[in-house]
file coords.txt (compact mmCIF, C-alpha atoms)
# COMPACT_ATOMS: atom_id res chain seq x y z
CA MET A 7 -11.22 95.17 156.88
CA SER A 8 -12.53 96.95 159.95
CA ALA A 9 -10.89 100.22 160.93
CA ASN A 10 -11.03 99.14 164.58
CA ARG A 11 -8.37 97.11 166.33
CA THR A 12 -9.07 93.40 166.68
CA GLU A 13 -7.34 90.81 168.84
CA GLU A 14 -6.33 88.93 165.69
CA LEU A 15 -4.46 91.96 164.39
CA SER A 16 -3.02 93.33 167.60
CA ASN A 17 0.13 93.00 169.66
CA TRP A 18 -1.09 95.24 172.48
CA ALA A 19 0.20 93.99 175.85
CA ARG A 20 1.91 91.01 174.15
CA TRP A 21 5.22 92.23 175.58
CA GLY A 22 3.71 93.99 178.58
CA LYS A 23 1.35 96.91 179.03
CA THR A 24 4.22 99.42 179.18
CA ASP A 25 6.02 98.13 176.06
CA GLN A 26 7.21 100.79 173.61
CA LYS A 27 9.39 98.63 171.35
CA GLY A 28 6.75 96.57 169.55
CA THR A 29 8.03 94.04 167.05
CA LEU A 30 11.63 95.02 167.75
CA THR A 31 11.24 92.54 170.62
CA LEU A 32 10.88 89.68 168.13
CA THR A 33 14.50 89.97 167.00
CA THR A 34 16.15 88.30 169.96
CA PRO A 35 19.90 88.12 170.67
CA GLU A 36 19.75 84.45 169.65
CA LEU A 37 18.24 85.33 166.26
CA ILE A 38 20.78 88.11 165.74
CA LYS A 39 23.63 85.73 166.49
CA ALA A 40 22.21 83.17 164.07
CA ALA A 41 21.74 85.84 161.39
CA SER A 42 25.40 86.81 161.66
CA GLY A 43 26.16 83.40 160.14
CA LEU A 44 24.78 84.72 156.84
CA ILE A 45 27.96 86.78 156.43
CA ARG A 46 30.12 84.70 154.10
CA THR A 47 31.68 87.05 151.53
CA GLY A 48 31.80 90.29 153.53
CA LYS A 49 30.16 92.19 150.66
CA THR A 50 28.21 95.19 151.92
CA TYR A 51 25.23 97.00 150.41
CA SER A 52 23.92 100.42 151.34
CA LEU A 53 20.16 100.29 150.83
CA SER A 54 19.51 104.02 151.13
CA VAL A 55 18.71 106.61 148.49
CA PRO A 56 20.62 109.93 148.39
CA LEU A 57 19.49 112.41 151.03
CA GLU A 58 19.20 115.60 149.01
CA THR A 59 16.94 118.60 148.49
CA HIS A 60 15.19 117.20 145.43
CA GLY A 61 15.45 113.56 146.44
CA ALA A 62 12.68 111.07 147.14
CA GLN A 63 10.19 112.33 149.70
CA TRP A 64 6.47 112.18 150.46
CA PRO A 65 5.15 114.92 148.14
CA PRO A 66 3.15 117.04 150.65
CA ARG A 67 6.17 117.46 152.94
CA HIS A 68 8.63 120.34 152.84
CA LYS A 69 11.83 119.53 151.03
CA MET A 70 15.11 119.42 152.88
CA TRP A 71 16.94 122.75 153.16
CA ARG A 72 20.72 122.67 153.25
CA THR A 73 23.58 125.11 153.21
CA THR A 74 27.29 124.34 153.45
CA GLU A 75 29.48 126.59 155.55
CA PHE A 76 33.22 126.77 155.02
CA THR A 77 36.00 128.85 156.42
CA LYS A 78 39.56 129.75 155.51
CA ASN A 79 42.11 131.18 157.93
CA LYS A 80 45.57 132.61 157.71
CA VAL A 81 47.42 129.55 159.01
CA GLY A 82 46.00 127.29 156.33
CA ARG A 83 43.65 125.18 158.42
CA ASN A 84 40.26 125.20 156.68
CA SER A 85 36.96 123.57 157.55
CA SER A 86 33.45 122.99 156.26
CA GLY A 87 30.12 121.83 157.64
CA ASP A 88 26.47 121.56 156.71
CA ALA A 89 23.34 123.06 158.22
CA LEU A 90 20.20 120.98 157.50
CA VAL A 91 16.52 121.64 158.03
CA MET A 92 14.53 118.55 157.18
CA HIS A 93 11.55 116.39 158.01
CA SER A 94 12.46 113.32 160.05
CA HIS A 95 10.83 111.23 157.31
CA SER A 96 13.15 112.47 154.57
CA GLY A 97 14.82 110.08 152.12
CA THR A 98 15.24 106.52 153.38
CA HIS A 99 13.66 106.54 156.84
CA ILE A 100 11.93 104.55 159.55
CA ASP A 101 8.56 105.34 161.11
CA ALA A 102 8.39 105.36 164.90
CA LEU A 103 5.45 103.67 166.61
CA CYS A 104 4.00 107.10 167.41
CA HIS A 105 3.85 108.08 163.72
CA ILE A 106 0.28 106.88 163.04
CA TRP A 107 -2.70 106.36 165.35
CA TYR A 108 -6.49 106.42 165.46
CA ASP A 109 -9.18 106.70 168.13
CA ASP A 110 -6.74 108.85 170.15
CA LYS A 111 -4.64 105.80 171.05
CA LEU A 112 -1.05 105.05 170.11
CA TYR A 113 0.41 101.55 169.90
CA ASN A 114 -0.20 99.59 173.12
CA GLY A 115 -3.04 101.87 174.18
CA PHE A 116 -1.14 105.01 175.17
CA ASP A 117 -3.37 108.09 175.11
CA THR A 118 -2.35 110.73 172.57
CA SER A 119 -3.73 113.54 174.75
CA GLU A 120 -1.11 112.66 177.35
CA HIS A 121 1.84 111.88 175.14
CA MET A 122 1.61 113.80 171.85
CA THR A 123 3.09 117.31 172.06
CA SER A 124 4.69 119.81 169.70
CA HIS A 125 7.91 119.40 171.69
CA GLY A 126 8.09 115.67 171.06
CA VAL A 127 6.26 112.44 171.82
CA THR A 128 6.62 110.85 175.24
CA ARG A 129 5.62 107.30 174.27
CA ASN A 130 6.69 105.07 171.34
CA SER A 131 9.19 107.63 170.02
CA ILE A 132 12.10 106.66 167.81
CA ASP A 133 14.65 106.83 170.63
CA ASN A 134 13.12 103.58 171.91
CA VAL A 135 14.69 101.92 168.85
CA PRO A 136 18.47 101.81 169.20
CA PHE A 137 18.77 99.52 166.17
CA LEU A 138 17.09 96.87 164.05
CA VAL A 139 19.55 94.06 163.41
CA GLY A 140 18.95 90.58 162.08
CA ARG A 141 18.13 88.38 159.13
CA GLY A 142 17.08 90.42 156.12
CA VAL A 143 14.90 88.59 153.61
CA LEU A 144 14.53 90.13 150.18
CA LEU A 145 11.36 89.31 148.25
CA ASP A 146 12.05 90.64 144.76
CA VAL A 147 8.44 90.84 143.61
CA ALA A 148 9.31 92.85 140.50
CA GLY A 149 11.96 90.31 139.52
CA TRP A 150 9.62 87.40 140.24
CA LYS A 151 7.04 88.98 137.91
CA GLY A 152 9.71 89.62 135.27
CA VAL A 153 9.27 93.41 135.13
CA ASP A 154 11.48 96.41 135.78
CA HIS A 155 8.89 97.74 138.20
CA LEU A 156 5.33 97.09 139.24
CA GLN A 157 2.63 99.42 137.94
CA LEU A 158 0.91 102.36 139.60
CA ALA A 159 -1.58 101.07 142.20
CA GLU A 160 -0.61 97.42 141.60
CA PRO A 161 -1.21 95.48 144.83
CA ILE A 162 1.12 92.93 146.39
CA THR A 163 -1.02 90.34 148.15
CA ALA A 164 -0.22 87.79 150.83
CA ASP A 165 -0.39 85.12 148.13
CA ASP A 166 2.17 87.08 146.12
CA LEU A 167 4.55 87.13 149.08
CA ASP A 168 4.19 83.37 149.52
CA ALA A 169 4.65 82.68 145.80
CA CYS A 170 7.67 84.95 145.52
CA ALA A 171 9.28 83.34 148.57
CA ALA A 172 8.64 79.88 147.11
CA ALA A 173 10.11 80.88 143.73
CA GLN A 174 13.22 82.19 145.49
CA GLN A 175 13.33 79.08 147.70
CA ILE A 176 13.47 81.26 150.79
CA GLU A 177 11.83 80.54 154.13
CA ILE A 178 10.17 83.33 156.10
CA ARG A 179 11.02 83.16 159.81
CA ALA A 180 9.91 84.94 162.98
CA GLY A 181 11.88 88.12 163.64
CA ASP A 182 12.84 88.64 159.99
CA LEU A 183 13.40 92.08 158.50
CA LEU A 184 11.34 91.84 155.32
CA LEU A 185 12.65 93.72 152.26
CA VAL A 186 10.15 93.99 149.40
CA ARG A 187 11.30 95.17 145.99
CA THR A 188 8.73 96.72 143.64
CA GLY A 189 11.24 98.56 141.42
CA TRP A 190 9.17 101.72 141.93
CA ILE A 191 12.08 103.80 143.23
CA ASN A 192 13.49 103.83 139.68
CA VAL A 193 10.40 105.61 138.38
CA LEU A 194 11.54 108.72 140.31
CA GLU A 195 14.17 109.59 137.70
CA GLN A 196 12.06 108.45 134.75
CA ASP A 197 8.84 110.28 135.60
CA ARG A 198 8.66 112.12 138.92
CA ALA A 199 4.99 113.06 138.42
CA LEU A 200 4.10 109.39 138.02
CA PHE A 201 6.26 108.42 141.01
CA GLU A 202 4.41 110.90 143.21
CA ALA A 203 0.93 110.06 141.87
CA GLY A 204 0.63 106.78 143.78
CA GLU A 205 2.49 103.48 143.98
CA PRO A 206 2.46 99.70 143.95
CA GLY A 207 2.80 98.11 147.37
CA LEU A 208 1.41 95.79 150.03
CA ASP A 209 -2.36 95.49 150.25
CA GLU A 210 -4.49 94.76 153.33
CA SER A 211 -4.32 90.98 152.83
CA THR A 212 -0.69 91.13 153.95
CA LEU A 213 -1.53 92.35 157.45
CA PRO A 214 -2.58 88.93 158.82
CA TRP A 215 0.43 87.47 156.94
CA LEU A 216 2.83 89.86 158.66
CA LYS A 217 1.28 89.05 162.04
CA LYS A 218 1.32 85.29 161.40
CA HIS A 219 4.98 85.32 160.40
CA ASP A 220 6.02 87.64 163.25
CA ILE A 221 7.84 90.02 160.92
CA SER A 222 9.78 92.64 162.90
CA ALA A 223 10.03 95.27 160.16
CA VAL A 224 8.96 95.83 156.56
CA ALA A 225 11.19 97.85 154.24
CA VAL A 226 10.08 98.74 150.70
CA ASP A 227 11.46 100.73 147.77
CA ASN A 228 8.48 103.07 147.55
CA LEU A 229 7.13 106.11 149.37
CA ALA A 230 4.80 104.44 151.86
CA VAL A 231 5.15 100.62 151.84
CA GLU A 232 1.51 100.11 150.86
CA VAL A 233 -0.36 100.22 147.56
CA LEU A 234 -1.76 103.67 146.80
CA GLU A 235 -4.07 104.71 144.00
CA SER A 236 -3.38 108.38 144.71
CA ILE A 237 -1.34 110.66 146.98
CA PRO A 238 -2.50 111.75 149.46
CA PRO A 239 -4.71 108.67 149.95
CA ASP A 240 -7.99 108.39 151.81
CA ASP A 241 -6.52 105.77 154.12
CA LEU A 242 -3.23 104.06 154.98
CA PRO A 243 -4.30 100.68 156.40
CA ILE A 244 -0.81 99.17 156.50
CA HIS A 245 0.36 102.17 158.53
CA ARG A 246 -2.79 102.41 160.61
CA ILE A 247 -2.96 98.76 161.61
CA GLY A 248 0.70 97.85 161.20
CA ILE A 249 2.10 100.66 163.34
CA ARG A 250 -0.71 101.36 165.78
CA ASP A 251 -2.06 97.84 166.31
CA LEU A 252 0.85 95.50 165.58
CA GLY A 253 3.70 97.74 166.71
CA LEU A 254 5.36 96.98 163.37
CA TYR A 255 8.21 99.06 161.98
CA LEU A 256 7.90 100.43 158.44
CA ILE A 257 10.97 101.60 156.51
CA GLU A 258 10.50 103.46 153.25
CA LEU A 259 12.38 104.57 150.15
CA LEU A 260 15.05 101.90 149.97
CA ASP A 261 17.24 101.03 147.01
CA LEU A 262 17.14 97.23 146.70
CA ASP A 263 18.37 96.90 143.12
CA GLU A 264 21.94 95.76 143.77
CA LEU A 265 20.79 93.24 146.33
CA ALA A 266 18.27 91.90 143.78
CA THR A 267 20.85 91.80 140.98
CA ASP A 268 23.06 89.61 143.15
CA ARG A 269 20.05 87.50 144.17
CA ALA A 270 21.08 88.10 147.76
CA TYR A 271 17.77 86.95 149.18
CA GLU A 272 19.24 86.49 152.66
CA SER A 273 21.60 88.94 154.34
CA PHE A 274 22.64 90.30 157.71
CA VAL A 275 20.95 93.69 157.98
CA VAL A 276 21.72 96.61 160.28
CA ILE A 277 19.39 99.60 160.52
CA ALA A 278 20.28 102.33 163.02
CA PRO A 279 17.91 105.28 163.53
CA LEU A 280 19.20 108.60 164.83
CA GLN A 281 18.39 108.84 168.53
CA ILE A 282 16.03 111.79 168.21
CA SER A 283 14.50 112.30 171.64
CA GLY A 284 10.72 112.21 171.31
CA GLY A 285 10.99 111.83 167.52
CA ALA A 286 8.32 110.37 165.25
CA GLY A 287 10.85 108.87 162.85
CA SER A 288 14.41 109.09 161.59
CA PRO A 289 16.50 108.94 158.42
CA VAL A 290 18.41 105.68 158.19
CA ASN A 291 21.10 104.08 156.03
CA PRO A 292 20.29 100.36 156.10
CA ILE A 293 23.30 98.13 155.54
CA ALA A 294 23.06 94.57 154.24
CA ILE A 295 26.04 92.21 154.47
CA THR A 296 26.34 88.87 152.70

call {"tool": "encode", "arguments": {"input": "coords.txt", "output": "structure tokens"}}
result
Amino acid sequence: MSANRTEELSNWARWGKTDQKGTLTLTTPELIKAASGLIRTGKTYSLSVPLETHGAQWPPRHKMWRTTEFTKNKVGRNSSGDALVMHSHSGTHIDALCHIWYDDKLYNGFDTSEHMTSHGVTRNSIDNVPFLVGRGVLLDVAGWKGVDHLQLAEPITADDLDACAAAQQIEIRAGDLLLVRTGWINVLEQDRALFEAGEPGLDESTLPWLKKHDISAVAVDNLAVEVLESIPPDDLPIHRIGIRDLGLYLIELLDLDELATDRAYESFVVIAPLQISGGAGSPVNPIAIT
């Protein structure tokens, strides 16, 4: 697949030349209202992994630093608090549309020389995303294949997504928040070196599929959504084309096991980034409700 943007794999100017929200626009109030009808039992699922110093994180990045402060005074009123120093892409997190680019252009054609600074990004930053809310569709690819987890560098193709959806008798709809379970997050505790060596994930054949189905966000239980033979990789086509060309939101390092165990293939999902002004991403705690 060509490294250059094509009209077939682009959403530039689809929602206006000044748009900074990308596929968030696909999840309309009408779709959100309809998705709320999926709440029948009131059972809730937190889809995040623990945010901790030695937790799941892209290997080249600095680990989170934390210290807890606490005080005691003479009248018996005590308090505690935490000081954190962390990368915005720590633990379960969402990538902003300024996170990846090429040819000096961000999503929708904004020039990086004008908008990328060490003090923050002035276009496509995470504070343009107040929330992602809507119909969450779980494709349990590992469960469909009958394995605990997919293998290192095992690709998930567009045909796999279709076959898994058919096996689960689930329809993919415009504006969906797509949750893809590989089982890879469980390898972290079993063999951290293997977990950080690469991963199973979406391959390039899924890019036209994601565009065709008007998916608003893709959330996966691995480090980087896409299939990787090694870390760091030579290329990240799902990031490069998905974020920069499609304006698609990628959410990484989810825990989808409980949702899969309950076969909760449809749910009402709420994902709320921190409103980091000019930020390139944010930790999140996605909540699914059935």

call {"tool": "closest_residue", "arguments": {"input": "coords.txt", "among": "A:Leu254, A:Glu177, A:Leu216, A:Ala102", "to": "A:Asp133", "atoms": "only C-alpha atoms"}}
result
A:Ala102

call {"tool": "closest_atom_pairs", "arguments": {"input": "coords.txt", "of": "stretch 133-247 of chain A", "to": "stretch 41-55 of chain A", "cutoff": "10 Å", "atoms": "all atoms listed in the file", "output": "Markdown table"}}
result
| residue | atom | partner | partner_atom | distance |
| --- | --- | --- | --- | --- |
| A:Val139 | CA | A:Ala41 | CA | 8.7 |
| A:Gly140 | CA | A:Ala41 | CA | 5.5 |
| A:Arg141 | CA | A:Ala41 | CA | 5.0 |
| A:Gly142 | CA | A:Ala41 | CA | 8.4 |
| A:Asp182 | CA | A:Ala41 | CA | 9.4 |
| A:Ile191 | CA | A:Val55 | CA | 8.9 |
| A:Ala225 | CA | A:Leu53 | CA | 9.9 |
| A:Asp227 | CA | A:Leu53 | CA | 9.2 |

call {"tool": "residues_around", "arguments": {"input": "coords.txt", "residues": "stretch 123-126 of chain A", "least_positions_apart": "5", "cutoff": "10 Å", "atoms": "all atoms listed in the file", "output": "short mmCIF file (atom, residue, chain, number, x, y, z; two decimals) with C-alpha atoms, keeping the file's coordinate frame"}}
result
data_model
loop_
_atom_site.label_atom_id
_atom_site.label_comp_id
_atom_site.auth_asym_id
_atom_site.auth_seq_id
_atom_site.Cartn_x
_atom_site.Cartn_y
_atom_site.Cartn_z
CA THR A 118 -2.35 110.73 172.57
CA SER A 131 9.19 107.63 170.02
CA ILE A 282 16.03 111.79 168.21
CA SER A 283 14.50 112.30 171.64
CA GLY A 284 10.72 112.21 171.31
CA GLY A 285 10.99 111.83 167.52
CA ALA A 286 8.32 110.37 165.25
#

call {"tool": "atom_distance", "arguments": {"input": "coords.txt", "atom1": "atom CA of A:Trp21", "atom2": "atom CA of A:Ser288"}}
result
23.8 Å

call {"tool": "closest_residue", "arguments": {"input": "coords.txt", "among": "A:Thr188, A:Asn114, A:Ser85, A:Thr267", "to": "A:Val153", "atoms": "only C-alpha atoms"}}
result
A:Thr188

call {"tool": "atom_distance", "arguments": {"input": "coords.txt", "atom1": "atom CA of A:Leu234", "atom2": "atom CA of A:Ser222"}}
result
22.7 Å

call {"tool": "closest_residue", "arguments": {"input": "coords.txt", "among": "A:Trp107, A:Ala203, A:Ala180, A:Thr212", "to": "A:Asp168", "atoms": "only C-alpha atoms"}}
result
A:Thr212

call {"tool": "residues_around", "arguments": {"input": "coords.txt", "residues": "A:Glu258", "least_positions_apart": "2", "cutoff": "9 Å", "atoms": "all atoms listed in the file", "output": "count of residues only"}}
result
16

call {"tool": "build_atoms", "arguments": {"input": "coords.txt", "residues": "stretch 86-97 of chain A", "atoms": "all heavy atoms", "output": "short mmCIF file (atom, residue, chain, number, x, y, z; two decimals), in the frame of the given file"}}
result
data_model
loop_
_atom_site.label_atom_id
_atom_site.label_comp_id
_atom_site.auth_asym_id
_atom_site.auth_seq_id
_atom_site.Cartn_x
_atom_site.Cartn_y
_atom_site.Cartn_z
N SER A 86 34.79 122.83 156.84
CA SER A 86 33.45 122.99 156.26
C SER A 86 32.46 122.18 157.07
O SER A 86 32.82 121.25 157.80
CB SER A 86 33.44 122.51 154.80
OG SER A 86 33.71 121.12 154.72
N GLY A 87 31.19 122.54 156.94
CA GLY A 87 30.12 121.83 157.64
C GLY A 87 28.79 122.16 156.99
O GLY A 87 28.69 123.11 156.20
N ASP A 88 27.79 121.37 157.31
CA ASP A 88 26.47 121.56 156.71
C ASP A 88 25.45 121.92 157.77
O ASP A 88 25.49 121.41 158.90
CB ASP A 88 26.00 120.26 156.02
CG ASP A 88 26.93 119.83 154.92
OD1 ASP A 88 27.16 120.64 154.00
OD2 ASP A 88 27.42 118.68 154.97
N ALA A 89 24.51 122.78 157.40
CA ALA A 89 23.34 123.06 158.22
C ALA A 89 22.13 122.50 157.46
O ALA A 89 21.93 122.80 156.28
CB ALA A 89 23.17 124.55 158.45
N LEU A 90 21.35 121.64 158.13
CA LEU A 90 20.20 120.98 157.50
C LEU A 90 18.92 121.31 158.24
O LEU A 90 18.90 121.33 159.47
CB LEU A 90 20.39 119.46 157.51
CG LEU A 90 21.66 118.87 156.90
CD1 LEU A 90 21.68 117.36 157.10
CD2 LEU A 90 21.75 119.20 155.42
N VAL A 91 17.87 121.56 157.48
CA VAL A 91 16.52 121.64 158.03
C VAL A 91 15.70 120.64 157.23
O VAL A 91 15.58 120.77 156.02
CB VAL A 91 15.93 123.05 157.91
CG1 VAL A 91 14.50 123.06 158.45
CG2 VAL A 91 16.78 124.06 158.67
N MET A 92 15.18 119.62 157.92
CA MET A 92 14.53 118.55 157.18
C MET A 92 13.47 117.86 158.02
O MET A 92 13.49 117.92 159.26
CB MET A 92 15.59 117.50 156.77
CG MET A 92 16.35 116.91 157.96
SD MET A 92 17.73 115.87 157.48
CE MET A 92 16.85 114.43 156.93
N HIS A 93 12.54 117.22 157.35
CA HIS A 93 11.55 116.39 158.01
C HIS A 93 12.23 115.10 158.43
O HIS A 93 13.10 114.59 157.74
CB HIS A 93 10.40 116.09 157.04
CG HIS A 93 9.15 115.64 157.70
ND1 HIS A 93 9.00 114.36 158.21
CD2 HIS A 93 7.98 116.28 157.96
CE1 HIS A 93 7.79 114.23 158.74
NE2 HIS A 93 7.16 115.37 158.61
N SER A 94 11.83 114.56 159.58
CA SER A 94 12.46 113.32 160.05
C SER A 94 12.18 112.14 159.13
O SER A 94 12.87 111.13 159.18
CB SER A 94 11.99 112.99 161.47
OG SER A 94 10.59 112.78 161.51
N HIS A 95 11.16 112.28 158.27
CA HIS A 95 10.83 111.23 157.31
C HIS A 95 11.32 111.61 155.92
O HIS A 95 10.62 111.47 154.92
CB HIS A 95 9.32 110.99 157.29
CG HIS A 95 8.79 110.42 158.57
ND1 HIS A 95 8.78 111.12 159.75
CD2 HIS A 95 8.26 109.20 158.85
CE1 HIS A 95 8.26 110.36 160.70
NE2 HIS A 95 7.94 109.20 160.19
N SER A 96 12.55 112.09 155.85
CA SER A 96 13.15 112.47 154.57
C SER A 96 14.02 111.33 154.04
O SER A 96 14.71 110.65 154.82
CB SER A 96 14.02 113.72 154.73
OG SER A 96 13.24 114.85 155.08
N GLY A 97 14.01 111.13 152.72
CA GLY A 97 14.82 110.08 152.12
C GLY A 97 14.48 108.72 152.72
O GLY A 97 13.34 108.45 153.13
#
